[in-house]
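Q: So here's model12.txt, just compact mmCIF, C-alpha atoms:
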# COMPACT_ATOMS: atom_id res chain seq x y z
CA MET A 989 197.52 159.32 133.71
CA ALA A 990 198.47 162.32 135.82
CA ALA A 991 199.05 161.68 139.53
CA PRO A 992 196.92 163.65 141.97
CA ASP A 993 198.50 166.94 142.96
CA GLN A 994 199.99 166.09 146.37
CA ASP A 995 201.14 169.66 146.96
CA LYS A 996 197.75 171.27 146.79
CA PRO A 997 196.05 171.94 150.15
CA GLU A 998 192.78 170.06 150.31
CA ARG A 999 189.61 170.68 152.24
CA TRP A 1000 188.27 167.37 153.51
CA SER A 1001 185.28 166.16 155.44
CA GLY A 1002 184.34 162.73 156.67
CA ARG A 1003 181.42 161.27 158.55
CA SER A 1004 180.98 158.05 160.52
CA SER A 1005 178.60 155.46 159.10
CA ASP A 1006 176.18 156.04 161.98
CA GLY A 1007 176.21 159.78 161.23
CA GLN A 1008 177.09 160.64 164.83
CA LEU A 1009 180.59 161.96 164.30
CA SER A 1010 182.09 164.05 161.55
CA TYR A 1011 185.28 165.97 160.93
CA GLU A 1012 186.11 168.75 158.56
CA LEU A 1013 189.63 169.93 157.79
CA VAL A 1014 190.20 173.31 156.19
CA PRO A 1015 193.83 174.16 155.39
CA CYS A 1016 194.61 177.85 155.90
CA GLU A 1017 197.57 180.17 156.18
CA ALA A 1018 198.06 179.58 159.89
CA GLY A 1019 197.69 175.78 159.76
CA VAL A 1020 194.53 173.69 159.63
CA LEU A 1021 191.09 174.53 160.95
CA LEU A 1022 189.59 171.36 162.40
CA GLU A 1023 185.87 171.09 162.99
CA ARG A 1024 184.53 168.15 164.95
CA THR A 1025 180.79 167.55 165.09
CA VAL A 1026 179.11 165.09 167.41
CA VAL A 1027 175.38 164.47 167.17
CA ARG A 1028 173.69 163.32 170.34
CA PRO A 1029 170.01 163.14 171.22
CA SER A 1030 170.63 166.03 173.62
CA GLY A 1031 172.32 168.28 171.09
CA ARG A 1032 174.71 168.72 168.21
CA LEU A 1033 178.14 169.83 169.42
CA ILE A 1034 180.54 171.44 166.98
CA HIS A 1035 183.96 172.57 167.98
CA SER A 1036 186.40 174.47 165.83
CA LEU A 1037 190.07 174.78 166.59
CA LEU A 1038 193.05 176.06 164.71
CA LEU A 1039 195.94 173.61 164.60
CA ARG A 1040 199.27 175.29 163.97
CA ASN A 1041 201.66 172.39 164.38
CA LYS A 1042 201.85 168.64 164.69
CA ALA A 1043 202.61 168.64 168.41
CA ALA A 1044 199.31 170.37 169.16
CA PHE A 1045 197.51 168.00 166.82
CA ILE A 1046 198.99 164.89 168.43
CA ALA A 1047 198.01 166.16 171.88
CA TRP A 1048 194.48 166.77 170.64
CA CYS A 1049 194.29 163.31 169.03
CA GLU A 1050 195.21 161.67 172.31
CA ALA A 1051 192.24 163.30 173.99
CA ASP A 1052 189.76 162.18 171.35
CA ASP A 1053 188.10 158.84 172.15
CA ALA A 1054 186.98 158.57 168.55
CA ARG A 1055 190.25 156.77 167.85
CA PHE A 1056 188.63 153.80 169.61
CA THR A 1057 184.97 154.36 168.82
CA HIS A 1058 185.37 155.30 165.14
CA PRO A 1059 188.88 154.06 164.23
CA LEU A 1060 188.53 154.17 160.45
CA LEU A 1061 187.22 157.71 160.30
CA PHE A 1062 189.68 158.86 162.93
CA SER A 1063 192.72 157.40 161.21
CA GLU A 1064 191.67 158.93 157.89
CA MET A 1065 191.27 162.32 159.57
CA ARG A 1066 194.63 161.94 161.33
CA ARG A 1067 196.42 160.99 158.11
CA ARG A 1068 194.96 163.90 156.18
CA CYS A 1069 195.48 166.46 158.91
CA SER A 1070 199.10 165.36 159.44
CA ARG A 1071 199.71 165.71 155.73
CA GLU A 1072 198.29 169.23 155.70
CA LEU A 1073 200.32 170.25 158.74
CA ASP A 1074 203.47 168.81 157.19
CA ARG A 1075 202.74 170.75 154.04
CA ALA A 1076 202.16 173.95 156.01
CA SER A 1077 205.39 173.50 158.00
CA ASP A 1078 207.31 172.85 154.79
CA GLY A 1079 205.98 176.15 153.50
CA VAL A 1080 204.33 174.50 150.50
CA ALA A 1081 200.83 175.78 151.29
CA VAL B 1072 189.71 204.39 178.87
CA GLN B 1073 189.14 207.12 181.45
CA ALA B 1074 189.42 204.52 184.21
CA MET B 1075 192.69 203.31 182.70
CA ALA B 1076 193.99 206.86 182.46
CA LEU B 1077 193.41 207.35 186.19
CA ARG B 1078 195.66 204.46 187.08
CA ASP B 1079 198.14 203.92 184.29
CA PRO B 1080 201.22 205.89 183.31
CA PRO B 1081 200.60 208.55 180.61
CA GLY B 1082 200.12 207.00 177.20
CA ALA B 1083 199.45 203.49 178.49
CA ALA B 1084 195.67 203.89 178.38
CA GLN B 1085 195.81 205.14 174.80
CA GLU B 1086 198.10 202.29 173.84
CA ALA B 1087 195.77 199.73 175.43
CA PHE B 1088 192.78 201.30 173.70
CA ASP B 1089 194.52 201.30 170.31
CA ARG B 1090 195.51 197.66 170.70
CA ALA B 1091 191.98 196.66 171.67
CA ALA B 1092 190.50 198.62 168.75
CA SER B 1093 192.89 196.95 166.36
CA THR B 1094 192.01 193.51 167.73
CA LEU B 1095 188.30 194.17 167.37
CA ALA B 1096 188.79 195.38 163.81
CA GLY B 1097 190.66 192.15 163.08
CA VAL B 1098 187.75 190.09 164.38
CA SER B 1099 185.22 191.95 162.28
CA MET B 1100 187.36 191.54 159.16
CA SER B 1101 188.00 187.80 159.56
CA ARG B 1102 187.53 186.19 156.17
CA ASN B 1103 186.82 182.72 157.51
CA LYS B 1104 186.43 180.72 160.72
CA ALA B 1105 190.15 179.96 160.88
CA GLU B 1106 190.95 183.67 160.98
CA LEU B 1107 188.20 184.25 163.50
CA VAL B 1108 189.62 181.59 165.83
CA ASP B 1109 193.08 183.08 165.35
CA HIS B 1110 191.81 186.58 166.20
CA LEU B 1111 190.07 185.21 169.27
CA ARG B 1112 193.38 183.78 170.45
CA HIS B 1113 195.20 187.08 169.85
CA ALA B 1114 192.43 189.10 171.47
CA ALA B 1115 192.44 186.89 174.54
CA ALA B 1116 196.20 187.28 174.85
CA ASP B 1117 195.89 191.08 174.44
CA LEU B 1118 193.38 191.12 177.27
CA GLY B 1119 195.69 189.11 179.49
CA ALA B 1120 193.68 185.87 179.34
CA GLU B 1121 195.51 182.56 178.97
CA GLN B 1122 192.46 180.67 177.78
CA ALA B 1123 189.40 181.67 175.82
CA TYR B 1124 186.50 180.26 173.92
CA PHE B 1125 183.35 181.50 172.33
CA ALA B 1126 180.26 179.30 172.49
CA CYS B 1127 176.89 179.81 170.93
CA VAL B 1128 173.65 177.91 171.05
CA VAL B 1129 171.06 177.65 168.35
CA GLN B 1130 167.73 176.47 169.59
CA ALA B 1131 166.21 174.16 167.04
CA GLN B 1132 162.58 173.56 166.27
CA ASP B 1133 163.10 169.79 166.30
CA GLY B 1134 164.51 169.95 169.83
CA VAL B 1135 168.11 169.13 168.88
CA ASP B 1136 169.98 172.32 169.71
CA THR B 1137 173.35 173.08 168.16
CA TYR B 1138 176.25 174.11 170.42
CA ARG B 1139 179.19 175.68 168.59
CA PHE B 1140 182.56 176.34 170.17
CA LEU B 1141 185.44 178.38 168.82
CA LEU B 1142 188.45 177.31 170.85
CA ALA B 1143 191.45 179.31 171.90
CA CYS B 1144 192.11 177.06 174.87
CA ASP B 1145 193.08 173.49 175.67
CA PRO B 1146 191.03 171.56 173.07
CA ALA B 1147 190.98 168.48 175.31
CA TRP B 1148 188.56 170.46 177.48
CA CYS B 1149 185.94 170.44 174.73
CA ILE B 1150 186.33 166.70 174.12
CA GLU B 1151 185.75 165.97 177.80
CA TYR B 1152 182.92 168.51 177.85
CA GLU B 1153 181.22 166.69 175.00
CA LYS B 1154 181.78 163.26 176.57
CA GLY B 1155 180.19 164.40 179.81
CA GLU B 1156 177.31 166.13 177.98
CA CYS B 1157 178.21 169.22 179.96
CA HIS B 1158 176.10 171.40 177.66
CA LEU B 1159 173.10 170.13 179.62
CA HIS B 1160 174.41 171.57 182.87
CA ASP B 1161 176.75 174.39 181.93
CA PRO B 1162 176.30 177.27 184.39
CA TRP B 1163 178.10 179.78 182.14
CA LEU B 1164 176.00 179.01 179.08
CA ALA B 1165 172.88 179.07 181.21
CA TYR B 1166 173.86 182.47 182.59
CA ALA B 1167 174.49 183.85 179.09
CA ARG B 1168 171.07 182.68 177.91
CA SER B 1169 169.28 184.84 180.41
CA HIS B 1170 171.65 187.71 181.26
CA GLY B 1171 173.49 190.47 179.46
CA ARG B 1172 176.06 191.61 182.02
CA PRO B 1173 179.61 190.27 182.03
CA VAL B 1174 180.44 188.63 185.35
CA ARG B 1175 183.21 186.70 187.03
CA SER B 1176 182.65 182.95 187.09
CA CYS B 1177 182.73 183.02 190.90
CA GLU B 1178 179.63 185.26 190.88
CA ILE B 1179 177.49 182.62 189.16
CA PRO B 1180 175.84 180.33 191.69
CA LEU B 1181 176.43 176.64 190.99
CA ARG B 1182 173.70 174.06 191.29
CA ALA B 1183 174.78 170.55 192.29
CA GLN B 1184 174.60 169.35 188.68
CA ASP B 1185 176.81 172.26 187.49
CA GLU B 1186 179.74 171.42 189.69
CA GLU B 1187 181.22 168.80 187.38
CA THR B 1188 181.21 171.25 184.45
CA ALA B 1189 182.82 173.96 186.58
CA ALA B 1190 185.46 171.52 187.86
CA LEU B 1191 186.26 170.43 184.30
CA ALA B 1192 186.77 174.05 183.22
CA LYS B 1193 189.02 174.65 186.21
CA LYS B 1194 191.07 171.54 185.38
CA HIS B 1195 191.62 172.86 181.85
CA GLY B 1196 192.82 176.34 182.77
CA PHE B 1197 189.75 178.31 183.78
CA ALA B 1198 190.51 178.72 187.50
CA SER B 1199 189.07 182.22 187.16
CA ALA B 1200 187.04 183.40 184.22
CA MET B 1201 185.00 186.24 182.91
CA ILE B 1202 181.69 185.26 181.34
CA VAL B 1203 180.60 187.70 178.65
CA PRO B 1204 177.15 187.07 177.17
CA ALA B 1205 176.27 188.06 173.61
CA SER B 1206 172.80 187.79 172.18
CA ALA B 1207 171.08 188.46 168.86
CA CYS B 1208 167.46 188.42 167.77
CA GLU B 1209 168.01 185.93 164.98
CA GLY B 1210 170.60 184.15 162.89
CA PRO B 1211 172.83 181.20 163.53
CA CYS B 1212 174.17 182.42 166.89
CA GLN B 1213 171.25 183.76 168.88
CA SER B 1214 172.72 183.11 172.27
CA GLY B 1215 176.47 183.30 172.71
CA VAL B 1216 179.08 183.61 175.39
CA LEU B 1217 182.72 184.60 175.41
CA VAL B 1218 184.75 183.09 178.22
CA LEU B 1219 188.11 184.60 179.08
CA GLY B 1220 190.04 182.64 181.65
CA SER B 1221 193.23 182.11 183.51
CA ARG B 1222 194.90 179.47 185.62
CA SER B 1223 195.49 182.20 188.17
CA ALA B 1224 192.65 182.59 190.65
CA GLY B 1225 193.34 186.33 190.96
CA PHE B 1226 193.23 187.09 187.24
CA LEU B 1227 190.03 189.14 187.50
CA ASP B 1228 190.70 191.07 190.64
CA GLY B 1229 189.81 194.76 190.93
CA VAL B 1230 190.73 197.03 188.08
CA THR B 1231 191.38 194.17 185.63
CA PHE B 1232 187.77 193.10 185.73
CA ARG B 1233 186.45 196.63 185.14
CA ARG B 1234 188.69 197.00 182.10
CA LEU B 1235 187.92 193.58 180.72
CA ARG B 1236 184.19 194.09 181.06
CA ILE B 1237 184.25 196.91 178.53
CA LEU B 1238 186.58 195.29 176.05
CA GLY B 1239 185.23 191.78 176.57
CA ARG B 1240 181.69 192.88 175.80
CA SER B 1241 182.77 194.47 172.52
CA LEU B 1242 184.81 191.42 171.61
CA SER B 1243 181.98 189.03 172.38
CA MET B 1244 179.51 190.95 170.22
CA GLU B 1245 182.00 191.26 167.34
CA ILE B 1246 182.73 187.52 167.39
CA GLN B 1247 179.06 186.69 167.46
CA ASP B 1248 178.28 189.02 164.55
CA ARG B 1249 181.16 187.79 162.44
CA LEU B 1250 180.50 184.12 163.18
CA SER B 1251 176.85 184.56 162.21
CA ASP B 1252 177.87 186.19 158.94
CA LEU B 1253 180.42 183.49 158.14
CA LEU B 1254 177.96 180.70 158.85
CA ARG B 1255 175.35 182.33 156.66
CA GLU B 1256 177.85 182.82 153.82
CA GLU B 1257 179.02 179.23 154.14
CA CYS B 1258 175.49 177.91 154.11
CA ARG B 1259 174.40 180.04 151.15
CA ALA B 1260 177.42 178.89 149.16
CA ILE B 1261 176.70 175.25 149.93
CA TYR B 1262 172.94 175.17 149.47
CA ARG B 1263 172.25 177.94 146.94
CA LEU B 1264 168.64 178.37 148.02
CA SER B 1265 166.54 180.19 145.42
CA PRO B 1266 164.16 182.98 146.54
CA PHE B 1267 161.22 180.67 145.72
CA GLU B 1268 162.65 177.86 147.86
CA ALA B 1269 163.18 180.31 150.72
CA GLN B 1270 159.56 181.40 150.33
CA LEU B 1271 158.35 177.78 150.50
CA LEU B 1272 160.30 177.18 153.70
CA GLY B 1273 158.97 180.44 155.12
CA TRP B 1274 155.43 179.21 154.57
CA VAL B 1275 156.16 175.95 156.37
CA ARG B 1276 157.71 177.93 159.22
CA ASP B 1277 154.49 179.93 159.43
CA GLY B 1278 152.48 176.73 159.72
CA LEU B 1279 150.96 176.60 156.23
CA THR B 1280 149.85 173.14 155.17
CA THR B 1281 150.46 171.49 151.81
CA LYS B 1282 146.83 172.18 150.94
CA VAL B 1283 147.11 175.91 151.63
CA ILE B 1284 150.43 176.23 149.78
CA ALA B 1285 148.99 174.34 146.81
CA LYS B 1286 146.00 176.66 146.69
CA ARG B 1287 148.23 179.74 146.99
CA LEU B 1288 150.39 178.62 144.07
CA GLY B 1289 147.64 176.98 142.03
CA TRP B 1290 149.59 173.71 142.06
CA SER B 1291 148.49 170.15 142.77
CA LEU B 1292 149.21 168.58 146.19
CA GLU B 1293 151.55 166.09 144.51
CA SER B 1294 153.58 168.90 142.93
CA ILE B 1295 154.03 170.59 146.30
CA ASP B 1296 155.10 167.34 147.96
CA CYS B 1297 157.50 166.63 145.13
CA ARG B 1298 158.98 170.13 145.38
CA PHE B 1299 159.55 169.73 149.12
CA ARG B 1300 161.13 166.30 148.63
CA ARG B 1301 163.63 167.87 146.22
CA LEU B 1302 164.24 170.74 148.62
CA ASN B 1303 164.85 168.37 151.54
CA GLN B 1304 167.23 166.39 149.37
CA LYS B 1305 169.09 169.55 148.44
CA LEU B 1306 169.48 170.52 152.10
CA GLY B 1307 170.32 166.97 153.16
CA THR B 1308 167.44 166.76 155.60
CA GLY B 1309 164.71 164.20 156.07
CA SER B 1310 161.70 166.44 156.51
CA ARG B 1311 160.26 169.89 155.88
CA LYS B 1312 160.58 170.71 159.55
CA ALA B 1313 164.27 169.82 159.53
CA SER B 1314 164.76 171.95 156.40
CA VAL B 1315 163.12 174.91 158.10
CA ARG B 1316 165.26 174.40 161.18
CA LEU B 1317 168.44 174.38 159.10
CA ALA B 1318 167.35 177.42 157.11
CA VAL B 1319 166.52 179.37 160.28
CA GLU B 1320 169.67 178.25 162.05
CA TYR B 1321 171.85 179.59 159.26
CA GLY B 1322 169.84 182.70 158.61
CA LEU B 1323 168.69 181.61 155.14
CA ILE B 1324 165.21 182.60 156.27
CA CYS B 1325 164.10 184.62 159.30
CA SER B 1326 162.91 182.76 162.37
CA ARG B 1327 159.54 184.50 162.07
CA SER B 1328 157.61 186.16 159.27
CA ALA B 1329 158.32 189.85 158.65
Translate the structure described by the file into structure tokens.
A:
Amino acid sequence: MAAPDQDKPERWSGRSSDGQLSYELVPCEAGVLLERTVVRPSGRLIHSLLLRNKAAFIAWCEADDARFTHPLLFSEMRRRCSRELDRASDGVA
Amino acid sequence: VQAMALRDPPGAAQEAFDRAASTLAGVSMSRNKAELVDHLRHAAADLGAEQAYFACVVQAQDGVDTYRFLLACDPAWCIEYEKGECHLHDPWLAYARSHGRPVRSCEIPLRAQDEETAALAKKHGFASAMIVPASACEGPCQSGVLVLGSRSAGFLDGVTFRRLRILGRSLSMEIQDRLSDLLREECRAIYRLSPFEAQLLGWVRDGLTTKVIAKRLGWSLESIDCRFRRLNQKLGTGSRKASVRLAVEYGLICSRSA
């Protein structure tokens, strides 16, 4: 059986079981576009940022409380985004 | 440009104009949101701003508005903004919803409940900022604002502000237009709404009941309900109203009948 193609950039999205938090990762030439959506009774907040390197991503992760409130989703997002940024910095993408 | 020519060395005004025009062209030709965010960052730097973001609000029929932010600034700001529910008392967004003129942040009066939001922005690099509203009649970004900021309190003094007003306004409108287009394209590609489905949602938007729609199409009430259930499923919503809201938000149908 063929192994999954690890070198192919992958778009990914994930949502928390309560539906209140979701992430979308879109690999692109400059790095990874990260979209974070939070649904609250007072509004749906979506922010989009372009991550160009791992240092910026780590700094952003440290600000996001979702690592405590939604640890499974957050760690999956962190793993996938790190992989895409590594791939981009290796020049594979 | 004339104002620049009065104060700058020969050729500098033309150079600044050319750079701004090139930046704006880049925004309008962005192929996706990543490129748009990247162009926003470049444009902000060209205009001398250290921080920038574009925010837009889509008022929803079900009362849950959507607030979108394209960030070319410290992203930790937006996390704290969300945690504090600052969208409920954001003086810059509120200004943009009811005004068209670009202003300095210091010109917007702060109510007591706005002070926390303003302090948060200041903490994350917006000690001085220019607030540039952008509005559209319909589409996913009906009310938008470009914020260009700096850690330096004197960033927008005198001539700089007059220059930035002109270029900032163009940039804000271009970002809003392009973002609306990209969101529509994205939504169309995901949902693939047929003309008939768009028509059905348009009728619900206009307040037509199941009974009236059934009569118009010569269908049974059950067939109409079934069709809407499938449509809601396709759009990932739980009701007709939510489907209409999504379709209006992303410009799949107009917010009002033609």
Q: Using all atoms listed in the file, find which residues of chain A lie within 12 Å of chain B and jot them down as a ChimeraX atom specification.
A: /A:1009,1013-1040,1044-1054
Q: For Lys1042 in chain A, find every residue with an atom within 8 Å (counting all atoms listed in the file), except residues of its own chain fewer than 6 positions away, and show them as a PyMOL selection string.
A: chain A and resi 1070+1073-1074
Q: Which of these residues is nearest to Leu1095 in chain B, using all atoms listed in the file: B:Leu1242, B:Cys1325, B:Ala1167, B:Ala1120?
A: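 Distance minimum relative to Leu1095 in chain B lands on B:Leu1242.
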Q: Could you work out how far CA of Ser1063 in chain A lies from CA of Asn1041 in chain A, giving the answer in Å with one decimal?
A: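 We find that CA of Asn1041 in chain A and CA of Ser1063 in chain A lie 17.7 Å from each other.
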Q: To one decimal place in Å, what is the distance between CA of Ala1189 in chain B and CA of His1113 in chain B?
A: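 A separation of 24.6 Å between them.
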Q: Looking at all atoms listed in the file, which of B:Glu1187, B:Leu1250, B:Arg1298, B:Phe1226 is the one that sits closest to His1110 in chain B?
A: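 Comparing B:Glu1187, B:Leu1250, B:Arg1298, B:Phe1226 against His1110 in chain B, the winner is B:Leu1250.
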Q: Generate the missing atoms of range 1052-1063 of chain A up to all heavy atoms and report them as a tab-separated table (two decimals), in the frame of the given file.
A:
chain	number	residue	atom	x	y	z
A	1052	ASP	N	191.00	162.52	172.05
A	1052	ASP	CA	189.76	162.18	171.35
A	1052	ASP	C	189.49	160.68	171.36
A	1052	ASP	O	190.22	159.90	170.73
A	1052	ASP	CB	189.86	162.69	169.89
A	1052	ASP	CG	188.51	162.64	169.19
A	1052	ASP	OD1	187.57	162.06	169.74
A	1052	ASP	OD2	188.41	163.20	168.08
A	1053	ASP	N	188.46	160.27	172.04
A	1053	ASP	CA	188.10	158.84	172.15
A	1053	ASP	C	187.66	158.24	170.82
A	1053	ASP	O	187.53	157.02	170.71
A	1053	ASP	CB	186.93	158.67	173.12
A	1053	ASP	CG	187.43	158.60	174.55
A	1053	ASP	OD1	188.66	158.61	174.73
A	1053	ASP	OD2	186.60	158.54	175.47
A	1054	ALA	N	187.44	159.08	169.84
A	1054	ALA	CA	186.98	158.57	168.55
A	1054	ALA	C	188.01	157.63	167.93
A	1054	ALA	O	187.68	156.83	167.06
A	1054	ALA	CB	186.69	159.72	167.59
A	1055	ARG	N	189.25	157.71	168.39
A	1055	ARG	CA	190.25	156.77	167.85
A	1055	ARG	C	189.90	155.33	168.20
A	1055	ARG	O	190.34	154.40	167.54
A	1055	ARG	CB	191.66	157.16	168.31
A	1055	ARG	CG	191.93	157.02	169.78
A	1055	ARG	CD	193.28	157.71	170.07
A	1055	ARG	NE	193.80	157.40	171.39
A	1055	ARG	CZ	193.40	157.98	172.51
A	1055	ARG	NH1	192.45	158.89	172.47
A	1055	ARG	NH2	193.94	157.66	173.67
A	1056	PHE	N	189.10	155.15	169.25
A	1056	PHE	CA	188.63	153.80	169.61
A	1056	PHE	C	187.22	153.55	169.09
A	1056	PHE	O	186.90	152.45	168.67
A	1056	PHE	CB	188.63	153.62	171.13
A	1056	PHE	CG	189.95	153.91	171.77
A	1056	PHE	CD1	190.09	154.91	172.72
A	1056	PHE	CD2	191.09	153.19	171.40
A	1056	PHE	CE1	191.31	155.18	173.30
A	1056	PHE	CE2	192.32	153.46	171.98
A	1056	PHE	CZ	192.44	154.47	172.93
A	1057	THR	N	186.38	154.57	169.17
A	1057	THR	CA	184.97	154.36	168.82
A	1057	THR	C	184.72	154.39	167.31
A	1057	THR	O	183.82	153.73	166.81
A	1057	THR	CB	184.07	155.41	169.50
A	1057	THR	OG1	184.55	156.71	169.12
A	1057	THR	CG2	184.10	155.29	171.01
A	1058	HIS	N	185.52	155.20	166.60
A	1058	HIS	CA	185.37	155.30	165.14
A	1058	HIS	C	186.77	155.28	164.51
A	1058	HIS	O	187.23	156.27	163.95
A	1058	HIS	CB	184.66	156.62	164.75
A	1058	HIS	CG	183.26	156.71	165.27
A	1058	HIS	ND1	182.94	157.22	166.51
A	1058	HIS	CD2	182.08	156.35	164.72
A	1058	HIS	CE1	181.64	157.17	166.70
A	1058	HIS	NE2	181.09	156.65	165.63
A	1059	PRO	N	187.47	154.11	164.64
A	1059	PRO	CA	188.88	154.06	164.23
A	1059	PRO	C	189.15	154.38	162.76
A	1059	PRO	O	190.15	155.03	162.45
A	1059	PRO	CB	189.30	152.63	164.58
A	1059	PRO	CG	188.04	151.87	164.77
A	1059	PRO	CD	187.00	152.82	165.17
A	1060	LEU	N	188.27	153.94	161.88
A	1060	LEU	CA	188.53	154.17	160.45
A	1060	LEU	C	188.46	155.65	160.11
A	1060	LEU	O	189.36	156.21	159.48
A	1060	LEU	CB	187.53	153.39	159.59
A	1060	LEU	CG	187.70	151.88	159.59
A	1060	LEU	CD1	186.62	151.23	158.74
A	1060	LEU	CD2	189.08	151.51	159.04
A	1061	LEU	N	187.38	156.27	160.56
A	1061	LEU	CA	187.22	157.71	160.30
A	1061	LEU	C	188.34	158.50	160.96
A	1061	LEU	O	188.94	159.40	160.35
A	1061	LEU	CB	185.85	158.18	160.85
A	1061	LEU	CG	185.59	159.68	160.78
A	1061	LEU	CD1	185.51	160.15	159.33
A	1061	LEU	CD2	184.29	160.04	161.51
A	1062	PHE	N	188.66	158.11	162.19
A	1062	PHE	CA	189.68	158.86	162.93
A	1062	PHE	C	191.04	158.75	162.25
A	1062	PHE	O	191.76	159.74	162.11
A	1062	PHE	CB	189.75	158.34	164.37
A	1062	PHE	CG	190.63	159.19	165.24
A	1062	PHE	CD1	190.14	160.37	165.79
A	1062	PHE	CD2	191.95	158.84	165.49
A	1062	PHE	CE1	190.95	161.17	166.58
A	1062	PHE	CE2	192.76	159.63	166.28
A	1062	PHE	CZ	192.27	160.79	166.83
A	1063	SER	N	191.39	157.54	161.82
A	1063	SER	CA	192.72	157.40	161.21
A	1063	SER	C	192.80	158.14	159.88
A	1063	SER	O	193.84	158.70	159.52
A	1063	SER	CB	193.12	155.93	161.06
A	1063	SER	OG	192.27	155.31	160.15
